[in-house]
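Peer 1: Next up is a structure, given as structure tokens.
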Amino acid sequence: MNIRRHSRLLPLVIFPVAALALTACGNATPAASTATTSTTAAPATGSGGSPTLASIPANDRSQPGTSGTAPTVVVPSGAPPTKLESADLIPGNGATAKSGDNVTVQYVLATYSSGQVIQSSWTSQPFSFTLGAGQVIPGWDAGVVGMQVGGRRELIIPPNLGYGANSPGAGISANDTLVFVIDLLKVTT
């Protein structure tokens, strides 16, 4: 078990009550035409065994919201996906995140098991990590690559790219599918 990966995401587990209150804050919902989708079709893994992204169907996406404000997360109905899915809700226009970069993000997390938002960095402070270094769950290492600063991306992460059979804490069940909406704030190479 990679203790470092789990300890780096411990802040994601600390704020479940505040995150639920956060969803009541609301946000603007610009026209659906502002949302774009990842165009990478999804085999289970790409070259080198790393996961690739599949598109999230338009009717299963969270609303784009407004960059710089906490998003509302929508947990899709039906069976959770078995592959990493991604949709750019707000396209960025800054530096592009690549493996090895230090990135700073804001995020909101909901789970398939609860259907509710359970964590949010918006209630505390942005979260920084080195992309591709195994400091976070594999779904983040794969799903944040290619984001541009100023962008907002939704990731639906199956258990094998999340926490698997391990529950890292309150609100995240064993073998849970995770729904993150992530704003990319900064990229440092």
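Chain labels A, B, ... are given in the sequence in which chains occur in the structure tokens; within each chain residues are numbered consecutively from 1, and ligands are likewise numbered from 1 in the order shown.
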Range 143-151 of chain A: which residues within 8 Å, counting only C-alpha atoms, same-chain residues fewer than 5 positions away excluded, as number ranges by chain?
Peer 2: A: 52-53, 67, 84, 86, 88-99, 131, 183-187
Peer 1: If you run DSSP on this backbone, which residues of range 79-177 of chain A come out as helix (DSSP H, G or I), and could you give them as a PyMOL selection string?
Peer 2: chain A and resi 121-123+138-143+159-161
Peer 1: For CA of Thr177 in chain A and CA of Gln106 in chain A, determine how far apart the two atoms are, in Å to one decimal place.
Peer 2: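 CA of Gln106 in chain A lies at a distance of 19.4 Å from CA of Thr177 in chain A.
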Peer 1: Measuring between only C-alpha atoms, which one of A:Thr111, A:Pro71, A:Gly169, A:Val103 shows the shortest distance to Phe127 in chain A?
Peer 2: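 Checking each candidate against Phe127 in chain A, we get A:Val103 as the closest.
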Peer 1: Assign secondary structure with DSSP using the backbone only, and return the residues of range 39-176 of chain A in strand (DSSP E or B) as a PyMOL selection string.
Peer 2: chain A and resi 54-55+85-90+96+102-111+117-120+127-130+148+152-157+169+172
Peer 1: Restricting the calculation to only C-alpha atoms: of A:Gln135, A:Gln119, A:Asn175, A:Thr189, which residue gets closest to Thr72 in chain A?
Peer 2: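 Nearest to Thr72 in chain A: A:Gln119.
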